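Chemist: This one is run_24.pdb, PDB, C-alpha atoms, pLDDT in the B column.
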```
MODEL        1
ATOM      1  CA  MET F 204     -15.855   5.433  31.327  1.00 64.00           C
ATOM      2  CA  THR F 205     -13.765   8.552  30.688  1.00 87.00           C
ATOM      3  CA  ARG F 206     -14.543  10.977  27.885  1.00 87.00           C
ATOM      4  CA  ARG F 207     -11.379   9.925  26.060  1.00 87.00           C
ATOM      5  CA  VAL F 208     -12.282   6.237  26.164  1.00 90.00           C
ATOM      6  CA  ALA F 209     -15.826   7.010  25.042  1.00 93.00           C
ATOM      7  CA  ARG F 210     -14.498   8.996  22.100  1.00 95.00           C
ATOM      8  CA  ALA F 211     -12.155   6.169  21.151  1.00 96.00           C
ATOM      9  CA  TRP F 212     -15.040   3.689  21.031  1.00 96.00           C
ATOM     10  CA  ILE F 213     -17.113   6.092  18.928  1.00 97.00           C
ATOM     11  CA  VAL F 214     -14.192   6.382  16.498  1.00 97.00           C
ATOM     12  CA  PHE F 215     -13.871   2.610  16.307  1.00 98.00           C
ATOM     13  CA  ALA F 216     -17.590   2.163  15.691  1.00 97.00           C
ATOM     14  CA  LEU F 217     -17.641   4.705  12.854  1.00 97.00           C
ATOM     15  CA  LEU F 218     -14.573   3.247  11.156  1.00 98.00           C
ATOM     16  CA  PHE F 219     -15.827  -0.304  11.593  1.00 98.00           C
ATOM     17  CA  VAL F 220     -19.198   0.487  10.021  1.00 97.00           C
ATOM     18  CA  LEU F 221     -17.629   2.281   7.065  1.00 97.00           C
ATOM     19  CA  TYR F 222     -15.085  -0.460   6.462  1.00 98.00           C
ATOM     20  CA  GLN F 223     -17.529  -3.355   6.691  1.00 98.00           C
ATOM     21  CA  SER F 224     -20.248  -1.591   4.709  1.00 97.00           C
ATOM     22  CA  ALA F 225     -17.890  -1.282   1.738  1.00 97.00           C
ATOM     23  CA  GLU F 226     -18.244  -4.979   1.018  1.00 96.00           C
ATOM     24  CA  GLY F 227     -21.514  -5.606   2.852  1.00 96.00           C
ATOM     25  CA  VAL F 228     -23.498  -2.767   1.270  1.00 97.00           C
ATOM     26  CA  GLY F 229     -21.463  -1.773  -1.789  1.00 96.00           C
ATOM     27  CA  GLY F 230     -20.378  -5.239  -2.856  1.00 95.00           C
ATOM     28  CA  ARG F 231     -22.956  -7.739  -1.619  1.00 96.00           C
ATOM     29  CA  LEU F 232     -26.144  -5.690  -1.380  1.00 96.00           C
ATOM     30  CA  LEU F 233     -25.837  -3.167  -4.208  1.00 96.00           C
ATOM     31  CA  HIS F 234     -23.269  -5.033  -6.336  1.00 95.00           C
ATOM     32  CA  SER F 235     -21.671  -1.694  -7.134  1.00 97.00           C
ATOM     33  CA  PHE F 236     -17.899  -1.340  -7.332  1.00 95.00           C
ATOM     34  CA  ALA F 237     -18.256   2.451  -7.277  1.00 96.00           C
ATOM     35  CA  VAL F 238     -20.179   2.382  -3.994  1.00 97.00           C
ATOM     36  CA  GLN F 239     -17.805  -0.186  -2.528  1.00 97.00           C
ATOM     37  CA  ALA F 240     -14.738   1.857  -3.454  1.00 96.00           C
ATOM     38  CA  SER F 241     -16.333   5.086  -2.209  1.00 97.00           C
ATOM     39  CA  LEU F 242     -17.155   3.623   1.196  1.00 97.00           C
ATOM     40  CA  MET F 243     -13.654   2.186   1.559  1.00 98.00           C
ATOM     41  CA  LEU F 244     -12.114   5.521   0.638  1.00 97.00           C
ATOM     42  CA  ALA F 245     -14.487   7.264   3.047  1.00 97.00           C
ATOM     43  CA  CYS F 246     -13.147   5.062   5.846  1.00 98.00           C
ATOM     44  CA  VAL F 247      -9.618   6.358   5.208  1.00 98.00           C
ATOM     45  CA  VAL F 248     -10.683   9.982   4.734  1.00 98.00           C
ATOM     46  CA  VAL F 249     -12.931  10.094   7.818  1.00 98.00           C
ATOM     47  CA  ALA F 250     -10.132   8.613   9.923  1.00 98.00           C
ATOM     48  CA  TRP F 251      -8.284  11.962   9.685  1.00 98.00           C
ATOM     49  CA  PRO F 252     -10.839  14.249  11.440  1.00 98.00           C
ATOM     50  CA  LEU F 253     -11.549  11.464  13.922  1.00 98.00           C
ATOM     51  CA  SER F 254      -7.852  11.343  14.768  1.00 97.00           C
ATOM     52  CA  ARG F 255      -7.901  15.114  15.294  1.00 97.00           C
ATOM     53  CA  TRP F 256     -10.982  14.719  17.490  1.00 97.00           C
ATOM     54  CA  LEU F 257      -8.990  12.368  19.700  1.00 96.00           C
ATOM     55  CA  GLY F 258      -6.324  15.043  20.074  1.00 95.00           C
ATOM     56  CA  TYR F 259      -3.680  13.827  17.617  1.00 96.00           C
ATOM     57  CA  ARG F 260      -2.047  15.538  14.663  1.00 94.00           C
ATOM     58  CA  GLY F 261      -3.071  14.200  11.255  1.00 95.00           C
ATOM     59  CA  TYR F 262      -3.398  10.431  11.343  1.00 97.00           C
ATOM     60  CA  GLY F 263      -1.319  10.206  14.508  1.00 97.00           C
ATOM     61  CA  ALA F 264      -4.040   8.354  16.405  1.00 97.00           C
ATOM     62  CA  TYR F 265      -3.201   5.310  14.291  1.00 97.00           C
ATOM     63  CA  ALA F 266       0.627   5.601  14.426  1.00 97.00           C
ATOM     64  CA  LEU F 267       0.772   7.029  10.898  1.00 97.00           C
ATOM     65  CA  ASP F 268       3.412   9.753  10.878  1.00 95.00           C
ATOM     66  CA  ARG F 269       5.459  11.667   8.310  1.00 93.00           C
ATOM     67  CA  ALA F 270       8.959  10.771   9.496  1.00 95.00           C
ATOM     68  CA  PRO F 271      11.356   9.797   6.677  1.00 95.00           C
ATOM     69  CA  ALA F 272      12.277   6.605   8.531  1.00 95.00           C
ATOM     70  CA  SER F 273       8.608   5.575   8.567  1.00 96.00           C
ATOM     71  CA  PHE F 274       8.335   5.888   4.804  1.00 97.00           C
ATOM     72  CA  ALA F 275      11.543   3.888   4.517  1.00 97.00           C
ATOM     73  CA  TRP F 276       9.764   1.134   6.450  1.00 97.00           C
ATOM     74  CA  LEU F 277       6.857   1.431   4.017  1.00 97.00           C
ATOM     75  CA  GLY F 278       9.232   0.775   1.133  1.00 97.00           C
ATOM     76  CA  ALA F 279      10.974  -2.052   2.956  1.00 96.00           C
ATOM     77  CA  GLY F 280       7.615  -3.678   3.673  1.00 96.00           C
ATOM     78  CA  LEU F 281       6.637  -3.512   0.016  1.00 97.00           C
ATOM     79  CA  VAL F 282       9.871  -5.214  -1.027  1.00 96.00           C
ATOM     80  CA  LEU F 283       9.620  -7.907   1.655  1.00 96.00           C
ATOM     81  CA  ALA F 284       6.001  -8.711   0.838  1.00 96.00           C
ATOM     82  CA  CYS F 285       6.607  -8.957  -2.908  1.00 94.00           C
ATOM     83  CA  ALA F 286       9.627 -11.193  -2.306  1.00 95.00           C
ATOM     84  CA  GLY F 287       7.568 -13.340   0.052  1.00 96.00           C
ATOM     85  CA  LYS F 288       4.797 -13.708  -2.508  1.00 95.00           C
ATOM     86  CA  ALA F 289       7.271 -14.704  -5.225  1.00 93.00           C
ATOM     87  CA  LEU F 290       8.760 -17.249  -2.817  1.00 94.00           C
ATOM     88  CA  ALA F 291       5.289 -18.646  -2.107  1.00 95.00           C
ATOM     89  CA  ILE F 292       4.532 -19.033  -5.821  1.00 93.00           C
ATOM     90  CA  GLY F 293       7.841 -20.771  -6.490  1.00 93.00           C
ATOM     91  CA  ALA F 294       7.452 -23.125  -3.531  1.00 96.00           C
ATOM     92  CA  GLY F 295       3.798 -23.738  -4.358  1.00 96.00           C
ATOM     93  CA  GLU F 296       4.593 -24.840  -7.903  1.00 95.00           C
ATOM     94  CA  ARG F 297       7.193 -27.287  -6.609  1.00 95.00           C
ATOM     95  CA  LEU F 298       4.719 -28.666  -4.057  1.00 96.00           C
ATOM     96  CA  GLY F 299       1.887 -28.993  -6.569  1.00 96.00           C
ATOM     97  CA  ILE F 300      -0.205 -26.284  -4.924  1.00 97.00           C
ATOM     98  CA  TYR F 301       0.027 -24.063  -8.005  1.00 97.00           C
ATOM     99  CA  ALA F 302       0.422 -24.957 -11.656  1.00 95.00           C
ATOM    100  CA  ALA F 303       2.002 -22.578 -14.156  1.00 93.00           C
ATOM    101  CA  THR F 304      -0.391 -21.674 -16.975  1.00 92.00           C
ATOM    102  CA  GLY F 305       2.090 -19.872 -19.220  1.00 90.00           C
ATOM    103  CA  ALA F 306       5.615 -18.584 -19.649  1.00 91.00           C
ATOM    104  CA  SER F 307       7.047 -16.337 -16.961  1.00 91.00           C
ATOM    105  CA  PHE F 308       8.066 -12.700 -17.422  1.00 92.00           C
ATOM    106  CA  THR F 309       6.925 -12.370 -21.026  1.00 93.00           C
ATOM    107  CA  ALA F 310       6.670  -9.126 -22.992  1.00 93.00           C
ATOM    108  CA  ALA F 311       2.896  -9.549 -23.085  1.00 93.00           C
ATOM    109  CA  GLY F 312       2.841  -9.972 -19.315  1.00 93.00           C
ATOM    110  CA  PHE F 313       4.812  -6.787 -18.733  1.00 94.00           C
ATOM    111  CA  ALA F 314       2.558  -4.920 -21.173  1.00 94.00           C
ATOM    112  CA  ALA F 315      -0.558  -6.100 -19.331  1.00 92.00           C
ATOM    113  CA  LEU F 316       0.985  -5.103 -16.010  1.00 92.00           C
ATOM    114  CA  GLY F 317       1.909  -1.654 -17.297  1.00 93.00           C
ATOM    115  CA  THR F 318      -1.692  -1.031 -18.329  1.00 93.00           C
ATOM    116  CA  ALA F 319      -3.179  -2.256 -15.064  1.00 93.00           C
ATOM    117  CA  LEU F 320      -0.567  -0.924 -12.622  1.00 94.00           C
ATOM    118  CA  PRO F 321      -1.935   2.588 -11.879  1.00 94.00           C
ATOM    119  CA  MET F 322      -5.376   1.312 -10.900  1.00 94.00           C
ATOM    120  CA  LEU F 323      -3.816  -1.697  -9.169  1.00 95.00           C
ATOM    121  CA  LEU F 324      -1.712   0.545  -6.940  1.00 96.00           C
ATOM    122  CA  LEU F 325      -4.748   2.530  -5.836  1.00 95.00           C
ATOM    123  CA  SER F 326      -7.194  -0.358  -5.530  1.00 95.00           C
ATOM    124  CA  THR F 327      -4.825  -2.312  -3.265  1.00 97.00           C
ATOM    125  CA  PHE F 328      -3.525   0.628  -1.201  1.00 98.00           C
ATOM    126  CA  VAL F 329      -6.847   2.046   0.030  1.00 98.00           C
ATOM    127  CA  PRO F 330      -8.314  -1.211   1.433  1.00 97.00           C
ATOM    128  CA  SER F 331      -4.951  -2.147   2.938  1.00 98.00           C
ATOM    129  CA  ILE F 332      -4.418   1.086   4.858  1.00 98.00           C
ATOM    130  CA  ALA F 333      -8.091   1.216   5.888  1.00 98.00           C
ATOM    131  CA  GLU F 334      -7.856  -2.219   7.474  1.00 98.00           C
ATOM    132  CA  ASP F 335      -4.466  -1.481   9.008  1.00 98.00           C
ATOM    133  CA  ILE F 336      -5.951   1.574  10.720  1.00 98.00           C
ATOM    134  CA  LEU F 337      -8.856  -0.470  12.046  1.00 97.00           C
ATOM    135  CA  ALA F 338      -7.074  -3.694  13.010  1.00 97.00           C
ATOM    136  CA  ARG F 339      -3.722  -2.351  14.173  1.00 98.00           C
ATOM    137  CA  GLY F 340      -3.159   1.392  14.383  1.00 97.00           C
ATOM    138  CA  PHE F 341      -6.337   2.105  16.342  1.00 97.00           C
ATOM    139  CA  TRP F 342      -5.584  -0.528  18.980  1.00 97.00           C
ATOM    140  CA  PHE F 343      -1.911   0.386  19.202  1.00 96.00           C
ATOM    141  CA  ARG F 344      -2.388   4.089  19.888  1.00 95.00           C
ATOM    142  CA  ALA F 345      -5.919   5.554  19.738  1.00 95.00           C
ATOM    143  CA  THR F 346      -7.230   3.392  22.568  1.00 93.00           C
ATOM    144  CA  GLY F 347      -4.518   4.635  24.922  1.00 89.00           C
ATOM    145  CA  ILE F 348      -3.888   1.057  26.047  1.00 89.00           C
ATOM    146  CA  ARG F 349      -0.423   0.678  27.581  1.00 86.00           C
ATOM    147  CA  TRP F 350       0.600  -2.635  26.053  1.00 86.00           C
ATOM    148  CA  ARG F 351       3.080  -3.862  28.655  1.00 76.00           C
ATOM    149  CA  ARG F 352       4.117  -6.710  26.384  1.00 82.00           C
ATOM    150  CA  GLY F 353       4.396  -6.262  22.661  1.00 89.00           C
ATOM    151  CA  LEU F 354       3.472  -9.876  22.094  1.00 92.00           C
ATOM    152  CA  ALA F 355       0.132  -9.254  23.816  1.00 94.00           C
ATOM    153  CA  PHE F 356      -0.635  -6.519  21.292  1.00 96.00           C
ATOM    154  CA  VAL F 357       0.481  -8.729  18.399  1.00 97.00           C
ATOM    155  CA  ALA F 358      -1.705 -11.655  19.516  1.00 96.00           C
ATOM    156  CA  PHE F 359      -4.724  -9.422  20.145  1.00 97.00           C
ATOM    157  CA  SER F 360      -4.360  -7.594  16.835  1.00 97.00           C
ATOM    158  CA  ALA F 361      -3.918 -10.828  14.877  1.00 98.00           C
ATOM    159  CA  GLY F 362      -7.012 -12.285  16.514  1.00 98.00           C
ATOM    160  CA  TYR F 363      -9.039  -9.199  15.728  1.00 98.00           C
ATOM    161  CA  PHE F 364      -7.712  -9.281  12.152  1.00 98.00           C
ATOM    162  CA  VAL F 365      -9.351 -12.702  11.750  1.00 98.00           C
ATOM    163  CA  LEU F 366     -12.672 -11.486  13.130  1.00 97.00           C
ATOM    164  CA  ASN F 367     -12.534  -8.382  10.957  1.00 97.00           C
ATOM    165  CA  HIS F 368     -12.822 -10.633   7.893  1.00 97.00           C
ATOM    166  CA  ILE F 369     -16.460 -11.320   8.691  1.00 96.00           C
ATOM    167  CA  TYR F 370     -17.315 -12.208   5.103  1.00 96.00           C
ATOM    168  CA  ARG F 371     -14.597 -14.890   4.937  1.00 96.00           C
ATOM    169  CA  LEU F 372     -15.151 -16.679   8.237  1.00 96.00           C
ATOM    170  CA  ASP F 373     -17.279 -19.333   6.541  1.00 96.00           C
ATOM    171  CA  ARG F 374     -14.258 -20.569   4.562  1.00 96.00           C
ATOM    172  CA  GLY F 375     -12.976 -22.666   7.423  1.00 96.00           C
ATOM    173  CA  PRO F 376      -9.949 -23.212   9.695  1.00 97.00           C
ATOM    174  CA  THR F 377      -7.161 -22.932   7.123  1.00 98.00           C
ATOM    175  CA  GLU F 378      -8.531 -19.541   6.085  1.00 98.00           C
ATOM    176  CA  TRP F 379      -8.603 -18.426   9.726  1.00 98.00           C
ATOM    177  CA  LEU F 380      -5.041 -19.669  10.264  1.00 98.00           C
ATOM    178  CA  MET F 381      -3.818 -17.863   7.160  1.00 98.00           C
ATOM    179  CA  ILE F 382      -5.399 -14.556   8.199  1.00 98.00           C
ATOM    180  CA  PHE F 383      -4.107 -14.943  11.762  1.00 98.00           C
ATOM    181  CA  CYS F 384      -0.531 -15.492  10.582  1.00 98.00           C
ATOM    182  CA  MET F 385      -0.822 -12.511   8.251  1.00 98.00           C
ATOM    183  CA  GLY F 386      -2.021 -10.496  11.214  1.00 98.00           C
ATOM    184  CA  LEU F 387       0.966 -11.668  13.255  1.00 98.00           C
ATOM    185  CA  ALA F 388       3.405 -10.310  10.674  1.00 98.00           C
ATOM    186  CA  TYR F 389       1.644  -6.983  10.189  1.00 98.00           C
ATOM    187  CA  ALA F 390       1.137  -6.345  13.910  1.00 98.00           C
ATOM    188  CA  THR F 391       4.752  -7.300  14.616  1.00 97.00           C
ATOM    189  CA  ALA F 392       5.867  -4.773  12.003  1.00 97.00           C
ATOM    190  CA  LEU F 393       3.993  -2.029  13.862  1.00 97.00           C
ATOM    191  CA  TRP F 394       5.214  -3.136  17.281  1.00 96.00           C
ATOM    192  CA  ARG F 395       8.881  -3.400  16.334  1.00 96.00           C
ATOM    193  CA  THR F 396       9.081  -0.169  14.309  1.00 96.00           C
ATOM    194  CA  GLY F 397       6.531   2.000  16.112  1.00 95.00           C
ATOM    195  CA  THR F 398       4.952   3.123  12.842  1.00 97.00           C
ATOM    196  CA  LEU F 399       1.909   1.730  11.064  1.00 98.00           C
ATOM    197  CA  TRP F 400       3.623   2.456   7.746  1.00 98.00           C
ATOM    198  CA  ALA F 401       5.705  -0.679   8.220  1.00 98.00           C
ATOM    199  CA  ALA F 402       2.541  -2.766   8.509  1.00 98.00           C
ATOM    200  CA  VAL F 403       0.961  -0.962   5.558  1.00 98.00           C
ATOM    201  CA  GLY F 404       4.039  -1.772   3.477  1.00 98.00           C
ATOM    202  CA  LEU F 405       3.713  -5.496   4.169  1.00 98.00           C
ATOM    203  CA  HIS F 406      -0.072  -5.630   3.851  1.00 98.00           C
ATOM    204  CA  TRP F 407      -0.259  -3.444   0.754  1.00 98.00           C
ATOM    205  CA  GLY F 408       2.768  -5.203  -0.698  1.00 97.00           C
ATOM    206  CA  TRP F 409       1.150  -8.618  -0.385  1.00 97.00           C
ATOM    207  CA  ASN F 410      -2.118  -7.458  -1.940  1.00 97.00           C
ATOM    208  CA  LEU F 411      -0.231  -5.594  -4.656  1.00 96.00           C
ATOM    209  CA  ALA F 412       1.988  -8.592  -5.391  1.00 95.00           C
ATOM    210  CA  ASN F 413      -1.098 -10.712  -6.075  1.00 92.00           C
ATOM    211  CA  GLY F 414      -1.955  -8.398  -8.967  1.00 92.00           C
ATOM    212  CA  VAL F 415       1.592  -7.642 -10.110  1.00 93.00           C
ATOM    213  CA  LEU F 416       2.743 -11.259 -10.285  1.00 92.00           C
ATOM    214  CA  ASP F 417      -0.436 -12.607 -11.870  1.00 91.00           C
ATOM    215  CA  PRO F 418       0.521 -11.586 -15.445  1.00 92.00           C
ATOM    216  CA  LEU F 419       4.243 -12.148 -14.824  1.00 92.00           C
ATOM    217  CA  LEU F 420       4.020 -15.583 -13.201  1.00 91.00           C
ATOM    218  CA  PRO F 421       0.654 -16.918 -14.431  1.00 92.00           C
ATOM    219  CA  ALA F 422      -0.537 -19.900 -12.401  1.00 92.00           C
ATOM    220  CA  ASP F 423      -3.709 -21.648 -11.272  1.00 95.00           C
ATOM    221  CA  THR F 424      -4.367 -22.724  -7.695  1.00 95.00           C
ATOM    222  CA  LEU F 425      -4.810 -26.502  -7.485  1.00 97.00           C
ATOM    223  CA  ASP F 426      -5.060 -26.770  -3.696  1.00 97.00           C
ATOM    224  CA  ALA F 427      -6.820 -23.889  -1.931  1.00 96.00           C
ATOM    225  CA  HIS F 428      -6.098 -25.196   1.566  1.00 96.00           C
ATOM    226  CA  GLY F 429      -2.462 -25.781   0.670  1.00 97.00           C
ATOM    227  CA  SER F 430      -2.287 -22.216  -0.650  1.00 97.00           C
ATOM    228  CA  ASN F 431      -3.645 -20.916   2.664  1.00 98.00           C
ATOM    229  CA  LEU F 432      -1.073 -22.903   4.627  1.00 98.00           C
ATOM    230  CA  LEU F 433       1.746 -21.737   2.363  1.00 97.00           C
ATOM    231  CA  THR F 434       0.697 -18.103   2.789  1.00 98.00           C
ATOM    232  CA  ALA F 435       0.553 -18.647   6.556  1.00 98.00           C
ATOM    233  CA  ALA F 436       4.071 -20.140   6.537  1.00 98.00           C
ATOM    234  CA  VAL F 437       5.518 -17.220   4.560  1.00 97.00           C
ATOM    235  CA  HIS F 438       3.998 -14.747   7.019  1.00 98.00           C
ATOM    236  CA  VAL F 439       5.386 -16.667   9.985  1.00 98.00           C
ATOM    237  CA  LEU F 440       8.786 -16.329   8.315  1.00 97.00           C
ATOM    238  CA  LEU F 441       8.213 -12.582   7.905  1.00 97.00           C
ATOM    239  CA  THR F 442       7.233 -12.371  11.576  1.00 97.00           C
ATOM    240  CA  LEU F 443      10.465 -14.059  12.634  1.00 97.00           C
ATOM    241  CA  LEU F 444      12.488 -11.658  10.487  1.00 96.00           C
ATOM    242  CA  LEU F 445      10.719  -8.679  12.055  1.00 96.00           C
ATOM    243  CA  LEU F 446      11.420  -9.945  15.571  1.00 94.00           C
ATOM    244  CA  ALA F 447      15.088  -9.258  14.854  1.00 92.00           C
ATOM    245  CA  VAL F 448      14.272  -5.527  14.632  1.00 89.00           C
ATOM    246  CA  PRO F 449      14.822  -3.707  17.975  1.00 88.00           C
ATOM    247  CA  ALA F 450      11.422  -2.796  19.401  1.00 83.00           C
ATOM    248  CA  ALA F 451      10.450   0.870  19.342  1.00 79.00           C
ATOM    249  CA  ARG F 452       9.209   2.497  22.521  1.00 67.00           C
ATOM    250  CA  PRO F 453       5.384   2.153  22.654  1.00 56.00           C
ATOM    251  CA  ALA F 454       3.821   5.432  21.543  1.00 50.00           C
ATOM    252  CA  ALA F 455       0.905   4.974  23.982  1.00 42.00           C
ATOM    253  CA  ALA F 456       3.395   5.060  26.834  1.00 38.00           C
ATOM    254  CA  THR F 457       5.149   8.203  25.661  1.00 37.00           C
ATOM    255  CA  GLY F 458       1.963  10.155  25.033  1.00 41.00           C
ATOM    256  CA  ALA F 459       3.304  11.319  21.662  1.00 46.00           C
ATOM    257  CA  ARG F 460       0.791  13.380  19.746  1.00 51.00           C
TER     258      ARG F 460
ENDMDL
END
```
Rewrite the structure of this file - the entire thing - as structure tokens.
Modeler:
Amino acid sequence: MTRRVARAWIVFALLFVLYQSAEGVGGRLLHSFAVQASLMLACVVVAWPLSRWLGYRGYGAYALDRAPASFAWLGAGLVLACAGKALAIGAGERLGIYAATGASFTAAGFAALGTALPMLLLSTFVPSIAEDILARGFWFRATGIRWRRGLAFVAFSAGYFVLNHIYRLDRGPTEWLMIFCMGLAYATALWRTGTLWAAVGLHWGWNLANGVLDPLLPADTLDAHGSNLLTAAVHVLLTLLLLAVPAARPAAATGAR
């Protein structure tokens, strides 16, 4: 094992422990939101010096760059994810998966959203980017693996994304399928654009949309398994849309740092 590979595995181990301990220690053991949030934030913060240790600038080890085009992909991902979530809610109500519990887009709903939005933006962004670093960016670049086929990376990343949800594996096959399909879309976004910001946009956008649309389109879930399958279907659709994007040259092959 080369020194570089050894360092990469040390980085993965540290990030994995921090990420999983947020819920395992902060949430389940100590029942402390403050501890949970601190550990999740620590995962993102610590990723920076670890990236430098691997020889990259900033967060470059995880394909997070500062190019304007990358931030444009972040914005595009946010829009696509929010639109996909709205589509899922509309389709779910028609299929009997969700049931509306109140009027849509009311003044009270917008007021509630305005109050909650600042914390909602932060509380959904940090876990999203932390998991994207661990489940996608790390494997795409930090490992130095030359993914000869983008689809191989997408399948591997999506599979790992399922396993990374260790506290949700007991929920059964439809949960696994949903997470796998979400992983397909987010990994495809990274593969096709070459920047993790595209994946962050989709992932963060979906998590953010859950909170944003809750007061605007209030609904109860009547069929949890149906909801999982609907979410999976929407993410398959997002994956197909992303496949139309010309694939970027793999960063691991160019040695970009």
Chemist: Find the spatial neighbours of Leu221 of chain F, counting only C-alpha atoms, within a cut-off of 12 Å - ignore same-chain residues fewer than 6 positions away - and output them as a list in words.
Modeler: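 Near neighbours after the sequence-gap exclusion: Val214, Phe215, Gly227, Val228, Gly229, Val238, Gln239, Ala240, Ser241, Leu242, Met243, Leu244, Ala245, Cys246, Val247, Val248, Val249, Ala250, Pro330, Ala333, Glu334 and Leu337 of chain F.
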Chemist: Quick one: residues within 8 Å of segment 284-301 of chain F, only C-alpha atoms, excluding same-chain residues fewer than 3 positions away - as a list in words?
Modeler: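 The filter keeps Gly280, Leu281, Gly404, Leu405, His406, Gly408, Trp409, Leu411, Ala412, Asn413, Leu416, Ala422, Asp423, Thr424, Leu425, Asp426, Ala427, Gly429, Ser430, Leu433, Thr434, Val437, His438 and Leu441 of chain F.
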Chemist: Mind telling me what the PyMOL selection byres ((chain F and resi 376-381) around 12) catches here, as a PDB file with C-alpha atoms, in the coordinates of the input?
Modeler:
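And here's result-v4.pdb as it stands now:
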```
ATOM      1  CA  ALA F 361      -3.918 -10.828  14.877  1.00 98.00           C
ATOM      2  CA  GLY F 362      -7.012 -12.285  16.514  1.00 98.00           C
ATOM      3  CA  TYR F 363      -9.039  -9.199  15.728  1.00 98.00           C
ATOM      4  CA  PHE F 364      -7.712  -9.281  12.152  1.00 98.00           C
ATOM      5  CA  VAL F 365      -9.351 -12.702  11.750  1.00 98.00           C
ATOM      6  CA  LEU F 366     -12.672 -11.486  13.130  1.00 97.00           C
ATOM      7  CA  ASN F 367     -12.534  -8.382  10.957  1.00 97.00           C
ATOM      8  CA  HIS F 368     -12.822 -10.633   7.893  1.00 97.00           C
ATOM      9  CA  ILE F 369     -16.460 -11.320   8.691  1.00 96.00           C
ATOM     10  CA  TYR F 370     -17.315 -12.208   5.103  1.00 96.00           C
ATOM     11  CA  ARG F 371     -14.597 -14.890   4.937  1.00 96.00           C
ATOM     12  CA  LEU F 372     -15.151 -16.679   8.237  1.00 96.00           C
ATOM     13  CA  ASP F 373     -17.279 -19.333   6.541  1.00 96.00           C
ATOM     14  CA  ARG F 374     -14.258 -20.569   4.562  1.00 96.00           C
ATOM     15  CA  GLY F 375     -12.976 -22.666   7.423  1.00 96.00           C
ATOM     16  CA  ILE F 382      -5.399 -14.556   8.199  1.00 98.00           C
ATOM     17  CA  PHE F 383      -4.107 -14.943  11.762  1.00 98.00           C
ATOM     18  CA  CYS F 384      -0.531 -15.492  10.582  1.00 98.00           C
ATOM     19  CA  MET F 385      -0.822 -12.511   8.251  1.00 98.00           C
ATOM     20  CA  GLY F 386      -2.021 -10.496  11.214  1.00 98.00           C
ATOM     21  CA  LEU F 387       0.966 -11.668  13.255  1.00 98.00           C
ATOM     22  CA  ALA F 388       3.405 -10.310  10.674  1.00 98.00           C
ATOM     23  CA  ASP F 426      -5.060 -26.770  -3.696  1.00 97.00           C
ATOM     24  CA  ALA F 427      -6.820 -23.889  -1.931  1.00 96.00           C
ATOM     25  CA  HIS F 428      -6.098 -25.196   1.566  1.00 96.00           C
ATOM     26  CA  GLY F 429      -2.462 -25.781   0.670  1.00 97.00           C
ATOM     27  CA  SER F 430      -2.287 -22.216  -0.650  1.00 97.00           C
ATOM     28  CA  ASN F 431      -3.645 -20.916   2.664  1.00 98.00           C
ATOM     29  CA  LEU F 432      -1.073 -22.903   4.627  1.00 98.00           C
ATOM     30  CA  LEU F 433       1.746 -21.737   2.363  1.00 97.00           C
ATOM     31  CA  THR F 434       0.697 -18.103   2.789  1.00 98.00           C
ATOM     32  CA  ALA F 435       0.553 -18.647   6.556  1.00 98.00           C
ATOM     33  CA  ALA F 436       4.071 -20.140   6.537  1.00 98.00           C
ATOM     34  CA  VAL F 437       5.518 -17.220   4.560  1.00 97.00           C
ATOM     35  CA  HIS F 438       3.998 -14.747   7.019  1.00 98.00           C
ATOM     36  CA  VAL F 439       5.386 -16.667   9.985  1.00 98.00           C
TER      37      VAL F 439
END
```
Chemist: So that I can check the surroundings of segment 318-324 of chain F, please list as number ranges by chain every protein, DNA and RNA residue that reaches within 9 Å of it, counting only C-alpha atoms and ignoring chain neighbours fewer than 3 positions away.
Modeler: F: 313-315, 327-329, 407, 411, 414-415
Chemist: For Leu446 of chain F, work out the shell of residues within 9 Å, counting all atoms listed in the file and skipping chain neighbours fewer than 6 positions away, then give it as a list in words.
Modeler: Thr391, Ala392 and Arg395 of chain F
Chemist: Skip segment 255-271 of chain F itself and residues of its chain fewer than 3 positions away, then list as a compact mmCIF listing (two decimals) with C-alpha atoms, in the frame of the given file all residues within 6 Å of it, counting only C-alpha atoms.
Modeler:
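Written out: selection.txt:
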```
# COMPACT_ATOMS: atom_id res chain seq x y z
CA TRP F 251 -8.28 11.96 9.68
CA PRO F 252 -10.84 14.25 11.44
CA PHE F 274 8.34 5.89 4.80
CA ILE F 336 -5.95 1.57 10.72
CA GLY F 340 -3.16 1.39 14.38
CA PHE F 341 -6.34 2.10 16.34
CA ARG F 344 -2.39 4.09 19.89
CA ALA F 345 -5.92 5.55 19.74
CA THR F 398 4.95 3.12 12.84
CA LEU F 399 1.91 1.73 11.06
CA ARG F 460 0.79 13.38 19.75
```
Chemist: Distance atom CA of Trp400 of chain F-atom CA of Leu277 of chain F, one decimal place?
Modeler: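 Computed distance, atom CA of Trp400 of chain F to atom CA of Leu277 of chain F, equals 5.0 Å.
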Chemist: Taking all atoms listed in the file into account, which of F:Ser326, F:Leu419, F:Leu393, F:Ala303 comes nearest Phe236 of chain F?
Modeler: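 Looking at the shortest contact to Phe236 of chain F, the residue is F:Ser326.
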Chemist: Figure out the distance between atom CA of Ala450 of chain F and atom CA of Gly397 of chain F, please, to one decimal in Å.
Modeler: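 Taking atom CA of Gly397 of chain F and atom CA of Ala450 of chain F, their separation equals 7.6 Å.
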Chemist: Can you measure atom CA of Gly312 of chain F to atom CA of Pro421 of chain F for me? One decimal in Å is fine.
Modeler: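 Calculated distance between atom CA of Gly312 of chain F and atom CA of Pro421 of chain F is 8.8 Å.
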Chemist: Nearest residue to Thr304 of chain F out of F:Leu420, F:Val448, F:Val282, F:Leu232, using only C-alpha atoms?
Modeler: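 Nearest to Thr304 of chain F: F:Leu420.
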Chemist: For each of F:Tyr222, F:Tyr389, F:Phe308, F:Phe343, take the minimum atom-to-atom distance to Leu440 of chain F, counting all atoms listed in the file, then give the residue where this is smallest.
Modeler: F:Tyr389
